[in-house]
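K.L.:
This one is entry-v3.txt, compact mmCIF, C-alpha atoms and all ligand atoms.
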# COMPACT_ATOMS: atom_id res chain seq x y z
CA MET B 1 -11.12 -13.87 -44.08
CA THR B 2 -9.19 -11.57 -46.37
CA ILE B 3 -11.07 -8.50 -47.46
CA VAL B 4 -10.50 -5.82 -50.05
CA ALA B 5 -12.08 -2.45 -50.77
CA LEU B 6 -11.49 0.94 -52.21
CA SER B 7 -10.42 3.02 -49.21
CA SER B 8 -10.11 6.41 -50.86
CA GLY B 9 -12.87 8.74 -51.97
CA ARG B 10 -15.26 8.97 -54.83
CA LEU B 11 -14.10 8.12 -58.33
CA PRO B 12 -12.81 9.33 -60.66
CA ALA B 13 -9.91 10.83 -58.78
CA ALA B 14 -6.18 11.31 -59.34
CA ILE B 15 -5.37 8.22 -57.33
CA ALA B 16 -7.33 5.43 -55.72
CA ILE B 17 -6.16 3.47 -52.70
CA LEU B 18 -7.24 -0.13 -52.36
CA ARG B 19 -6.71 -1.98 -49.14
CA LEU B 20 -6.34 -5.70 -48.81
CA SER B 21 -6.29 -7.14 -45.31
CA GLY B 22 -6.26 -10.62 -43.84
CA PRO B 23 -4.29 -13.88 -43.87
CA GLU B 24 -4.28 -14.20 -47.68
CA ALA B 25 -3.24 -10.59 -48.29
CA HIS B 26 0.40 -11.40 -48.94
CA ALA B 27 -0.31 -14.27 -51.33
CA ALA B 28 -3.01 -12.37 -53.23
CA ALA B 29 -0.88 -9.24 -53.55
CA THR B 30 2.08 -11.28 -54.75
CA SER B 31 0.01 -12.93 -57.45
CA ILE B 32 -0.93 -9.47 -58.76
CA ALA B 33 2.18 -7.36 -58.12
CA GLY B 34 4.97 -9.94 -57.98
CA ALA B 35 7.40 -9.90 -55.06
CA LEU B 36 6.30 -7.32 -52.49
CA PRO B 37 8.57 -4.45 -51.40
CA SER B 38 10.10 -4.35 -47.89
CA PRO B 39 7.56 -3.67 -45.17
CA ARG B 40 6.20 -0.12 -45.05
CA GLN B 41 8.07 1.01 -48.15
CA ALA B 42 6.31 2.16 -51.27
CA SER B 43 7.46 0.61 -54.50
CA LEU B 44 6.20 0.86 -58.06
CA ARG B 45 4.88 -2.38 -59.55
CA ASN B 46 3.08 -3.64 -62.60
CA LEU B 47 -0.31 -4.82 -61.46
CA ARG B 48 -1.54 -7.82 -63.42
CA HIS B 49 -4.61 -10.01 -63.35
CA PRO B 50 -3.63 -13.24 -61.54
CA HIS B 51 -5.30 -15.49 -64.13
CA THR B 52 -4.66 -13.77 -67.46
CA ALA B 53 -1.50 -11.83 -66.48
CA GLU B 54 -3.02 -8.89 -68.33
CA LEU B 55 -1.60 -5.55 -67.21
CA ILE B 56 -4.23 -3.57 -65.27
CA ASP B 57 -2.22 -0.56 -64.12
CA ARG B 58 1.13 0.50 -62.74
CA GLY B 59 0.94 1.63 -59.15
CA LEU B 60 2.54 1.85 -55.75
CA VAL B 61 2.39 -1.15 -53.47
CA LEU B 62 2.84 -0.97 -49.70
CA TRP B 63 3.17 -4.01 -47.49
CA PHE B 64 2.31 -3.87 -43.78
CA PRO B 65 2.82 -7.26 -42.14
CA GLY B 66 0.49 -7.92 -39.19
CA PRO B 67 0.19 -7.31 -36.34
CA LYS B 68 1.85 -3.91 -36.83
CA SER B 69 -0.75 -2.71 -39.31
CA ALA B 70 -3.87 -0.59 -39.12
CA THR B 71 -6.04 -3.68 -38.91
CA GLY B 72 -3.65 -5.89 -36.96
CA GLU B 73 -3.68 -8.33 -39.91
CA ASP B 74 -1.40 -8.62 -42.91
CA LEU B 75 -2.28 -5.59 -44.98
CA VAL B 76 -1.37 -4.44 -48.49
CA GLU B 77 -2.18 -1.09 -50.03
CA PHE B 78 -2.33 -0.44 -53.75
CA HIS B 79 -2.18 3.16 -54.94
CA CYS B 80 -3.50 3.05 -58.50
CA HIS B 81 -4.89 5.52 -60.98
CA GLY B 82 -8.27 6.67 -59.77
CA SER B 83 -10.53 5.73 -62.63
CA ARG B 84 -13.58 3.55 -62.26
CA ALA B 85 -12.22 1.08 -64.81
CA VAL B 86 -8.89 0.63 -63.03
CA VAL B 87 -10.52 0.22 -59.63
CA GLU B 88 -13.10 -2.25 -60.92
CA ALA B 89 -10.43 -4.30 -62.68
CA MET B 90 -8.27 -4.30 -59.54
CA LEU B 91 -11.17 -5.36 -57.32
CA GLU B 92 -12.05 -8.06 -59.82
CA ALA B 93 -8.44 -9.28 -59.93
CA LEU B 94 -8.08 -9.28 -56.15
CA THR B 95 -11.34 -11.08 -55.49
CA ALA B 96 -10.28 -13.68 -58.06
CA CYS B 97 -7.52 -14.66 -55.61
CA PRO B 98 -8.35 -17.51 -53.23
CA GLY B 99 -9.86 -16.45 -49.90
CA VAL B 100 -10.38 -12.81 -50.87
CA ARG B 101 -13.74 -11.09 -50.95
CA LEU B 102 -15.08 -7.53 -50.97
CA ALA B 103 -15.21 -5.87 -47.55
CA GLU B 104 -18.40 -4.70 -45.95
CA PRO B 105 -18.73 -1.16 -44.61
CA GLY B 106 -16.55 -0.75 -41.53
CA GLU B 107 -15.05 -4.20 -41.85
CA PHE B 108 -11.44 -3.01 -41.72
CA THR B 109 -12.20 -1.22 -38.50
CA ARG B 110 -13.92 -4.33 -37.23
CA GLN B 111 -10.70 -6.25 -37.85
CA SER B 112 -8.71 -3.70 -35.89
CA LEU B 113 -11.22 -3.92 -33.05
CA ARG B 114 -10.98 -7.67 -33.02
CA ASN B 115 -7.21 -7.47 -32.95
CA GLY B 116 -7.18 -4.90 -30.18
CA ILE B 117 -5.63 -2.19 -32.36
CA MET B 118 -8.54 0.07 -31.57
CA ASP B 119 -11.36 -0.07 -29.03
CA LEU B 120 -15.02 0.63 -29.52
CA THR B 121 -14.78 4.16 -28.20
CA GLU B 122 -11.97 4.97 -30.58
CA ALA B 123 -13.83 3.30 -33.45
CA GLU B 124 -16.75 5.59 -32.78
CA GLY B 125 -14.40 8.53 -32.82
CA LEU B 126 -13.15 7.36 -36.19
CA GLY B 127 -16.71 7.08 -37.48
CA ASP B 128 -17.36 10.62 -36.33
CA LEU B 129 -14.13 11.89 -37.81
CA LEU B 130 -15.04 10.46 -41.20
CA GLU B 131 -18.39 12.18 -41.01
CA ALA B 132 -17.22 15.45 -39.55
CA GLU B 133 -18.45 18.41 -41.54
CA THR B 134 -17.62 21.23 -39.21
CA GLU B 135 -14.48 22.23 -37.36
CA GLY B 136 -16.10 21.62 -33.97
CA GLN B 137 -17.14 18.11 -35.00
CA ARG B 138 -13.67 17.34 -36.30
CA LYS B 139 -12.01 18.31 -33.03
CA ALA B 140 -14.49 16.43 -30.86
CA ALA B 141 -14.15 13.31 -33.01
CA LEU B 142 -10.38 13.46 -32.94
CA SER B 143 -10.29 13.65 -29.16
CA LEU B 144 -12.52 10.58 -29.00
CA LEU B 145 -10.34 8.78 -31.52
CA GLN B 146 -7.22 9.65 -29.57
CA GLY B 147 -8.59 7.78 -26.64
CA GLY B 148 -9.04 10.40 -23.91
CA LEU B 149 -12.21 8.68 -22.84
CA HIS B 150 -10.55 5.32 -23.23
CA ASP B 151 -8.04 6.19 -20.52
CA ARG B 152 -10.73 7.10 -18.03
CA LEU B 153 -12.75 3.98 -18.78
CA ASP B 154 -9.60 1.93 -18.46
CA ALA B 155 -8.91 3.40 -15.04
CA LEU B 156 -12.43 2.47 -14.01
CA ARG B 157 -11.82 -1.05 -15.21
CA GLU B 158 -8.72 -1.30 -13.03
CA ARG B 159 -10.85 -0.30 -10.07
CA LEU B 160 -13.53 -2.86 -10.86
CA ILE B 161 -11.01 -5.63 -11.28
CA ASN B 162 -9.42 -4.68 -7.99
CA LEU B 163 -12.79 -4.60 -6.29
CA SER B 164 -13.71 -7.96 -7.79
CA ALA B 165 -10.51 -9.46 -6.48
CA MET B 166 -11.30 -8.14 -3.02
CA ALA B 167 -14.84 -9.45 -3.20
CA GLU B 168 -13.75 -12.88 -4.38
CA ALA B 169 -11.26 -13.01 -1.52
CA GLY B 170 -14.11 -12.12 0.85
CA ILE B 171 -15.95 -15.25 -0.13
CA ASP B 172 -13.20 -17.26 1.60
CA TYR B 173 -13.42 -15.25 4.80
CA VAL B 174 -17.05 -16.05 5.52
CA GLY B 175 -17.36 -17.09 9.14
CA ASP B 176 -14.28 -15.31 10.45
CA GLU B 177 -15.67 -12.23 12.27
CA ASP B 178 -12.52 -10.08 12.64
CA GLU B 179 -11.18 -10.63 9.18
CA THR B 180 -14.60 -10.03 7.71
CA SER B 181 -15.25 -6.61 9.26
CA GLY B 182 -11.87 -5.16 8.28
CA HIS B 183 -12.29 -6.54 4.81
CA GLU B 184 -15.79 -5.14 4.49
CA ALA B 185 -14.60 -1.68 5.41
CA ALA B 186 -11.90 -1.85 2.75
CA ILE B 187 -14.43 -2.99 0.16
CA GLY B 188 -16.80 -0.21 1.20
CA THR B 189 -14.10 2.41 0.58
CA GLU B 190 -13.19 0.95 -2.81
CA LEU B 191 -16.83 0.69 -3.78
CA ASP B 192 -17.43 4.35 -2.93
CA ALA B 193 -14.43 5.34 -5.01
CA ALA B 194 -15.66 3.29 -7.98
CA ARG B 195 -19.13 4.76 -7.71
CA GLU B 196 -17.66 8.24 -7.60
CA ALA B 197 -15.63 7.51 -10.74
CA VAL B 198 -18.76 6.34 -12.55
CA ARG B 199 -20.69 9.38 -11.38
CA ARG B 200 -18.00 11.72 -12.67
CA LEU B 201 -17.98 9.95 -16.03
CA LEU B 202 -21.74 10.28 -16.25
CA GLU B 203 -21.37 14.02 -15.74
CA LEU B 204 -19.70 14.29 -19.14
CA PRO B 205 -21.98 15.78 -21.77
CA GLU B 206 -23.78 13.43 -24.09
CA ARG B 207 -22.54 13.48 -27.61
CA ARG B 208 -25.11 13.88 -30.30
CA PRO B 209 -24.74 12.01 -33.55
CA LEU B 210 -22.74 14.31 -35.74
CA ARG B 211 -25.06 14.08 -38.66
CA ASP B 212 -27.59 15.91 -36.57
CA GLY B 213 -27.17 19.48 -35.57
CA ILE B 214 -28.44 21.38 -32.57
CA ARG B 215 -32.19 21.62 -32.97
CA VAL B 216 -33.36 25.21 -32.82
CA VAL B 217 -37.16 25.41 -32.91
CA LEU B 218 -39.12 28.56 -33.70
CA ALA B 219 -42.52 28.46 -32.05
CA GLY B 220 -45.35 30.71 -30.96
CA PRO B 221 -48.86 31.77 -31.94
CA PRO B 222 -49.80 32.16 -35.62
CA ASN B 223 -48.68 35.14 -37.64
CA VAL B 224 -46.06 36.40 -35.22
CA GLY B 225 -43.32 36.09 -37.86
CA LYS B 226 -41.77 32.68 -37.17
CA SER B 227 -41.31 31.76 -40.80
CA SER B 228 -40.03 35.22 -41.63
CA LEU B 229 -37.47 34.92 -38.85
CA LEU B 230 -36.37 31.48 -40.07
CA ASN B 231 -35.80 32.97 -43.51
CA ALA B 232 -33.92 35.90 -42.04
CA LEU B 233 -31.66 33.59 -40.04
CA LEU B 234 -31.01 31.46 -43.11
CA GLY B 235 -30.61 34.37 -45.46
CA ASN B 236 -33.02 32.84 -47.96
CA GLU B 237 -36.73 32.30 -48.50
CA ARG B 238 -36.93 28.72 -47.29
CA ALA B 239 -40.34 28.94 -45.60
CA LEU B 240 -43.59 30.35 -46.94
CA VAL B 241 -44.62 33.66 -45.43
CA SER B 242 -48.01 35.31 -45.65
CA ALA B 243 -50.20 37.74 -43.76
CA GLU B 244 -52.71 34.94 -43.26
CA ALA B 245 -52.61 33.28 -39.84
CA GLY B 246 -51.95 29.56 -40.06
CA THR B 247 -49.64 29.71 -43.07
CA THR B 248 -47.17 27.13 -41.82
CA ARG B 249 -48.78 23.75 -41.42
CA ASP B 250 -46.00 21.25 -41.53
CA VAL B 251 -42.63 21.32 -39.85
CA VAL B 252 -39.96 23.00 -41.97
CA GLU B 253 -36.36 21.96 -41.29
CA ALA B 254 -33.31 23.79 -42.56
CA PRO B 255 -29.74 22.80 -41.72
CA VAL B 256 -27.22 25.62 -41.28
CA GLN B 257 -23.71 25.96 -40.05
CA ILE B 258 -22.83 28.84 -37.78
CA ASP B 259 -19.25 29.30 -36.69
CA GLY B 260 -18.26 25.67 -37.15
CA THR B 261 -21.32 24.26 -35.44
CA ALA B 262 -24.16 22.45 -37.18
CA TYR B 263 -27.71 23.54 -36.46
CA ILE B 264 -31.11 22.55 -37.72
CA LEU B 265 -33.53 25.44 -37.73
CA ILE B 266 -37.09 24.24 -37.41
CA ASP B 267 -40.14 26.33 -38.25
CA THR B 268 -43.45 25.15 -36.84
CA ALA B 269 -47.15 25.81 -37.21
CA GLY B 270 -48.54 28.67 -35.10
CA LEU B 271 -50.09 27.37 -31.90
CA ARG B 272 -53.80 28.09 -31.53
CA ASP B 273 -57.13 26.35 -31.09
CA THR B 274 -58.40 25.38 -34.48
CA ASP B 275 -61.00 23.22 -36.17
CA GLY B 276 -58.86 22.64 -39.22
CA ALA B 277 -57.79 19.00 -39.24
CA VAL B 278 -54.55 19.63 -41.10
CA GLU B 279 -53.65 22.63 -39.02
CA LYS B 280 -54.35 20.60 -35.90
CA MET B 281 -51.89 17.94 -37.06
CA GLY B 282 -49.33 20.66 -37.69
CA ILE B 283 -49.84 22.04 -34.19
CA GLU B 284 -49.38 18.58 -32.70
CA ARG B 285 -46.14 18.24 -34.61
CA ALA B 286 -45.07 21.64 -33.38
CA GLY B 287 -45.57 20.40 -29.82
CA GLY B 288 -43.36 17.40 -30.52
CA GLU B 289 -40.67 19.63 -32.01
CA ILE B 290 -40.74 21.93 -28.99
CA GLU B 291 -40.19 18.93 -26.77
CA ARG B 292 -37.30 17.63 -28.85
CA SER B 293 -35.69 21.02 -29.31
CA ASP B 294 -32.30 21.86 -27.87
CA ILE B 295 -32.96 25.58 -28.09
CA LEU B 296 -36.43 27.10 -28.25
CA LEU B 297 -37.02 30.48 -29.83
CA TRP B 298 -40.37 31.61 -28.46
CA LEU B 299 -42.04 34.36 -30.45
CA GLY B 300 -45.22 34.62 -28.39
CA ALA B 301 -45.94 36.63 -25.26
CA PRO B 302 -43.14 35.94 -22.75
CA GLU B 303 -45.60 34.84 -20.07
CA ASP B 304 -47.00 32.16 -22.41
CA ALA B 305 -43.62 30.60 -23.12
CA PRO B 306 -43.48 26.87 -22.41
CA SER B 307 -40.95 25.92 -19.78
CA HIS B 308 -37.78 24.86 -21.54
CA PRO B 309 -34.20 24.45 -20.34
CA CYS B 310 -32.84 26.51 -23.20
CA LEU B 311 -35.34 29.22 -24.00
CA ILE B 312 -34.84 32.47 -25.89
CA LYS B 313 -37.82 34.82 -25.73
CA VAL B 314 -37.92 36.83 -28.90
CA ALA B 315 -39.91 39.99 -29.56
CA ALA B 316 -40.53 39.98 -33.31
CA LYS B 317 -41.54 42.62 -35.87
CA THR B 318 -39.94 45.38 -33.82
CA ASP B 319 -40.20 47.68 -36.83
CA ILE B 320 -43.97 47.80 -36.40
CA ILE B 321 -44.63 46.47 -32.91
CA GLU B 322 -43.19 48.07 -29.83
CA SER B 323 -41.97 45.31 -27.57
CA HIS B 324 -42.69 45.40 -23.88
CA GLY B 325 -42.41 42.64 -21.34
CA HIS B 326 -39.56 40.35 -20.52
CA TYR B 327 -38.02 39.47 -23.82
CA ASP B 328 -34.44 38.33 -24.23
CA ILE B 329 -34.04 39.94 -27.59
CA ALA B 330 -35.95 42.05 -30.08
CA VAL B 331 -35.70 41.43 -33.82
CA SER B 332 -37.19 42.50 -37.09
CA ALA B 333 -37.06 40.01 -39.92
CA LYS B 334 -37.98 42.83 -42.24
CA THR B 335 -35.17 45.29 -41.42
CA GLY B 336 -32.70 42.70 -40.12
CA ASP B 337 -32.45 44.49 -36.78
CA GLY B 338 -31.36 42.18 -33.98
CA ILE B 339 -30.70 39.18 -36.24
CA ALA B 340 -26.94 39.20 -35.64
CA GLU B 341 -27.55 39.49 -31.88
CA LEU B 342 -30.00 36.63 -31.99
CA ILE B 343 -27.43 34.44 -33.77
CA GLU B 344 -24.91 35.37 -31.08
CA HIS B 345 -27.49 34.41 -28.43
CA ILE B 346 -28.02 31.02 -30.09
CA ARG B 347 -24.28 30.51 -30.32
CA LEU B 348 -23.78 31.24 -26.61
CA LYS B 349 -26.59 28.92 -25.59
CA SER B 350 -25.23 26.13 -27.75
CA ASN B 351 -21.76 26.44 -26.27
CA ARG B 352 -23.29 25.10 -23.13
CA LEU B 353 -24.94 22.23 -24.98
CA LEU B 354 -21.84 21.10 -26.80
CA PRO B 355 -18.82 19.47 -25.29
CA ALA B 356 -15.73 21.65 -25.44
CA ALA B 357 -13.95 20.94 -28.71
CA ASP B 358 -11.14 19.08 -26.98
CA GLY B 359 -13.38 17.86 -24.19
CA LEU B 360 -14.77 14.42 -23.66
CA SER B 361 -18.31 13.34 -24.28
CA LEU B 362 -20.36 10.19 -24.09
CA SER B 363 -22.31 8.41 -26.75
CA ARG B 364 -25.68 6.96 -25.95
CA HIS B 365 -24.33 3.48 -25.38
CA HIS B 366 -21.58 4.85 -23.14
CA VAL B 367 -24.32 6.34 -21.02
CA ALA B 368 -26.31 3.11 -21.03
CA ALA B 369 -23.28 1.03 -20.03
CA LEU B 370 -22.25 3.44 -17.29
CA GLN B 371 -25.76 3.50 -15.89
CA GLU B 372 -25.75 -0.27 -15.86
CA ILE B 373 -22.45 -0.24 -13.98
CA GLU B 374 -23.83 2.28 -11.51
CA LYS B 375 -26.81 0.02 -10.92
CA GLN B 376 -24.57 -2.95 -10.15
CA LEU B 377 -22.23 -1.04 -7.86
CA VAL B 378 -24.24 -1.24 -4.66
CA SER B 379 -23.13 -2.71 -1.39
CA GLU B 380 -24.30 -6.25 -0.87
CA SER B 381 -23.76 -8.29 2.23
CA ASP B 382 -23.74 -11.64 0.48
CA PRO B 383 -20.24 -11.87 -1.01
CA VAL B 384 -21.31 -14.31 -3.71
CA ILE B 385 -24.03 -11.98 -4.98
CA PHE B 386 -21.66 -9.02 -4.69
CA ALA B 387 -19.05 -10.76 -6.80
CA GLU B 388 -21.73 -11.53 -9.36
CA LYS B 389 -22.80 -7.88 -9.51
CA LEU B 390 -19.22 -6.82 -10.05
CA ARG B 391 -18.89 -9.30 -12.87
CA ALA B 392 -21.96 -7.79 -14.51
CA ALA B 393 -20.49 -4.30 -14.08
CA ARG B 394 -17.21 -5.39 -15.64
CA HIS B 395 -19.06 -7.00 -18.48
CA ALA B 396 -20.87 -3.74 -19.21
CA LEU B 397 -17.57 -1.89 -19.20
CA ASP B 398 -15.90 -4.45 -21.43
CA SER B 399 -18.58 -3.85 -24.02
CA LEU B 400 -17.09 -0.34 -24.37
CA LEU B 401 -13.43 -1.20 -24.05
CA GLY B 402 -12.79 -4.67 -25.29
CA ALA B 403 -12.87 -6.38 -28.62
CA HIS B 404 -15.82 -8.38 -27.31
CA GLY B 405 -18.26 -5.51 -27.82
CA LEU B 406 -21.85 -6.49 -28.22
CA GLU B 407 -22.53 -7.30 -31.84
CA ASP B 408 -25.55 -5.04 -32.11
CA VAL B 409 -23.51 -2.13 -30.89
CA LEU B 410 -20.92 -2.93 -33.52
CA ASP B 411 -23.55 -3.18 -36.20
CA ARG B 412 -24.99 0.15 -35.25
CA ILE B 413 -21.63 1.85 -35.43
CA PHE B 414 -20.51 0.22 -38.62
CA ALA B 415 -23.75 0.75 -40.45
CA ARG B 416 -22.64 4.35 -40.94
CA PHE B 417 -19.09 3.54 -42.00
CA CYS B 418 -18.18 3.82 -45.61
CA LEU B 419 -16.69 0.96 -47.53
CA GLY B 420 -12.99 0.67 -47.18
CA LYS B 421 -12.82 1.81 -43.57
N1 LIG B 501 -43.19 44.58 -40.65
C1 LIG B 501 -42.84 43.33 -40.43
N2 LIG B 501 -43.63 42.34 -40.85
C2 LIG B 501 -43.27 41.07 -40.60
C3 LIG B 501 -42.05 40.77 -39.92
N3 LIG B 501 -41.97 39.41 -39.81
C4 LIG B 501 -43.06 38.91 -40.41
N4 LIG B 501 -43.85 39.90 -40.89
C5 LIG B 501 -45.12 39.74 -41.59
O1 LIG B 501 -46.03 39.07 -40.73
C6 LIG B 501 -46.84 38.16 -41.48
C7 LIG B 501 -46.71 36.75 -40.90
O2 LIG B 501 -45.38 36.31 -41.06
P1 LIG B 501 -45.00 34.76 -41.02
O3 LIG B 501 -43.52 34.73 -41.02
O4 LIG B 501 -45.72 34.03 -42.07
O5 LIG B 501 -45.56 34.39 -39.60
P2 LIG B 501 -45.67 32.93 -38.93
O6 LIG B 501 -45.48 33.13 -37.48
O7 LIG B 501 -44.78 31.99 -39.61
O8 LIG B 501 -47.18 32.59 -39.21
P3 LIG B 501 -47.90 31.14 -39.27
O9 LIG B 501 -47.06 30.27 -40.11
O10 LIG B 501 -49.20 31.43 -39.87
O11 LIG B 501 -48.01 30.68 -37.86
C8 LIG B 501 -46.36 38.26 -42.90
O12 LIG B 501 -47.23 39.13 -43.59
C9 LIG B 501 -44.98 38.85 -42.79
O13 LIG B 501 -44.62 39.60 -43.92
C10 LIG B 501 -41.23 41.84 -39.48
O14 LIG B 501 -40.18 41.71 -38.87
N5 LIG B 501 -41.69 43.12 -39.75
MG MG B 502 -45.14 30.30 -40.58
I'd like the structure from this file rewritten - as structure tokens, please.

P.N.:
Amino acid sequence: MTIVALSSGRLPAAIAILRLSGPEAHAAATSIAGALPSPRQASLRNLRHPHTAELIDRGLVLWFPGPKSATGEDLVEFHCHGSRAVVEAMLEALTACPGVRLAEPGEFTRQSLRNGIMDLTEAEGLGDLLEAETEGQRKAALSLLQGGLHDRLDALRERLINLSAMAEAGIDYVGDEDETSGHEAAIGTELDAAREAVRRLLELPERRPLRDGIRVVLAGPPNVGKSSLLNALLGNERALVSAEAGTTRDVVEAPVQIDGTAYILIDTAGLRDTDGAVEKMGIERAGGEIERSDILLWLGAPEDAPSHPCLIKVAAKTDIIESHGHYDIAVSAKTGDGIAELIEHIRLKSNRLLPAADGLSLSRHHVAALQEIEKQLVSESDPVIFAEKLRAARHALDSLLGAHGLEDVLDRIFARFCLGK
């Protein structure tokens, strides 16, 4: 199928780039622009409707014959004037050509996956790169796109193929004692090495969807100054503050960016026993938020703090309350004392949560596939069953590396792609 879409940003703009990709790309482009320029060279053309020959625009045309194109298919780019009218007329003209239709989100990338130009891991990196809002996200996405993880997964695949070959060979040895024991020892060594490789991959940090930030939850008893602290951290009056205990009922979320990293600050209802039905619901939600939090700012007594892997115990209202006990930091939302230090604290804690900017990380389905592989990589005395397990492990790995990724995984990734990518 030949597909077309606007690949550049929101209109109107100075220029708009339309991409046309697939077997009919050359024919369709020729019927609009006349003879195409030499491959990979921009050339100015009159762009005309294929049926009426009416002039739509004058623009640059670039011709990338497959398979040496971004999608692996024949691909033509039109750089036109970036008005809605021009783009609509161009899309109308192109889809009037036989075998050409509008692309779905991510469909160009899907083509390049299918043609082996890019693998699933790199496609995910691309998705992240397109969504990146902060510097840290951009770097992490680029390293994924550049295939650092791909190389390690590829090395694992080599191992699995090797191991499979050994196991298949073992099936023929059955019955021959001497041959079998030497062979089994060799397989055992290879299997250990493969398991070790999987284990090391699973040690990589898990990558959070970039749209989300690190969840920083403010929690504690009522009236301790949680909402005031949220406002102080944000620098605006996002949450309601009052001297009344039980002011915050619902969860209040506020996204912020600190030093190139995205955070979501989350204010919660004060935790206490209450008869109020609404307040109770708020407190339940607060519990859920504490559980889901990446970093917990606890504003209650230090000894009451819930156990949490990333806890910061905050003494609040230091302008009126003298803090004693084992707090990590003392702040006053009123005077601003300690706020900068608290931000620094949050930043340090989150460094440990985030992959290094140029480091590798795993998406959720990387983790799932690697865990599946780990499950299959166990020694098994029956060579036929062993070979079968290895096949299953390879299959799980191929879903990350090959063009034959599971369709639902593809759908999930491409659902967030924009048109024209
Ligand atoms: N002096 C002083 N007062 C503060 C400070 N922070 C909060 N307060 C006051 O303490 C009261 C409660 O503040 P909130 O921020 O609403 O407290 P909360 O923990 O969100 O309370 P709930 O939502 O009811 O659980 C308000 O009257 C605030 O003005 C502070 O740093 N210094
Ligand atoms: Mg509050």

K.L.:
Between B:Ser379, B:Thr189, B:Thr121, B:Thr248, which residue has the minimum interatomic distance to ligand LIG 501 (chain B), considering only C-alpha atoms and all ligand atoms?

P.N.:
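When distances to ligand LIG 501 (chain B) are compared using only C-alpha atoms and all ligand atoms, the smallest one comes from B:Thr248.
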
K.L.:
Pick out the closest residue to Asp267 (chain B) from this set: B:Arg215, B:His26, B:Lys139, B:His308. Count only C-alpha atoms.

P.N.:
B:Arg215

K.L.:
Would you kindly identify which residues have an atom no farther than 9 Å from (-22.0, 22.7, -39.7), using all atoms listed in the file and the file's own coordinates, and write them out as a ChimeraX atom specification?

P.N.:
/B:132-137,213,255-263

K.L.:
Select the residues contacting ligand LIG 501 (chain B) at a distance of at most 7 Å, based on only C-alpha atoms and all ligand atoms, then format the selection as a PyMOL selection string.

P.N.:
chain B and resi 220-229+240-249+269-270+316-320+331-335

K.L.:
Report, in Å with one decimal, the straight-line distance from CA of Arg58 (chain B) to CA of Thr109 (chain B).

P.N.:
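If I compute the distance from CA of Arg58 (chain B) to CA of Thr109 (chain B), I get 27.7 Å.
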
K.L.:
Of the residues B:Val87, B:Ala369, B:Ala219, B:Ala103, which is the one nearest to Gly9 (chain B), using only C-alpha atoms?

P.N.:
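Ranking B:Val87, B:Ala369, B:Ala219, B:Ala103 by distance to Gly9 (chain B), first place goes to B:Val87.
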
K.L.:
Kindly indicate which residue among B:Ile346, B:Ile290, B:Ile283, B:Leu91 lies nearest to Val314 (chain B), using only C-alpha atoms for the distances.

P.N.:
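Smallest distance to Val314 (chain B) is found for B:Ile346.
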
K.L.:
Rank nothing, just name the residue among B:Thr52, B:Ser38, B:Ser83, B:Ser361 nearest to Phe64 (chain B), using all atoms listed in the file.

P.N.:
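The shortest atom-to-atom distance to Phe64 (chain B) comes from B:Ser38.
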
K.L.:
What is the CA of Leu44 (chain B)-CA of Phe78 (chain B) distance in Å, reported with one decimal?

P.N.:
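Atom-to-atom, CA of Leu44 (chain B) to CA of Phe78 (chain B), that is 9.6 Å.
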
K.L.:
Counting all atoms listed in the file, which of B:Cys80, B:Leu153, B:Leu36, B:Ile15 gets nearest to Val198 (chain B)?

P.N.:
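Nearest candidate to Val198 (chain B) out of B:Cys80, B:Leu153, B:Leu36, B:Ile15: B:Leu153.
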
K.L.:
Show me, as a VMD selection string, the residues that have an atom within 6 Å of Thr2 (chain B) when counting all atoms listed in the file, minus same-chain residues fewer than 2 positions from it.

P.N.:
chain B and resid 21 to 24 100

K.L.:
Determine, counting all atoms listed in the file, which protein, DNA and RNA residues have an atom within 12 Å of an atom of His345 (chain B); residues of the same chain fewer than 4 positions away are not included. Present the result as a PyMOL selection string.

P.N.:
chain B and resi 216+258+295-297+310-314+328-330+338-341+349-352
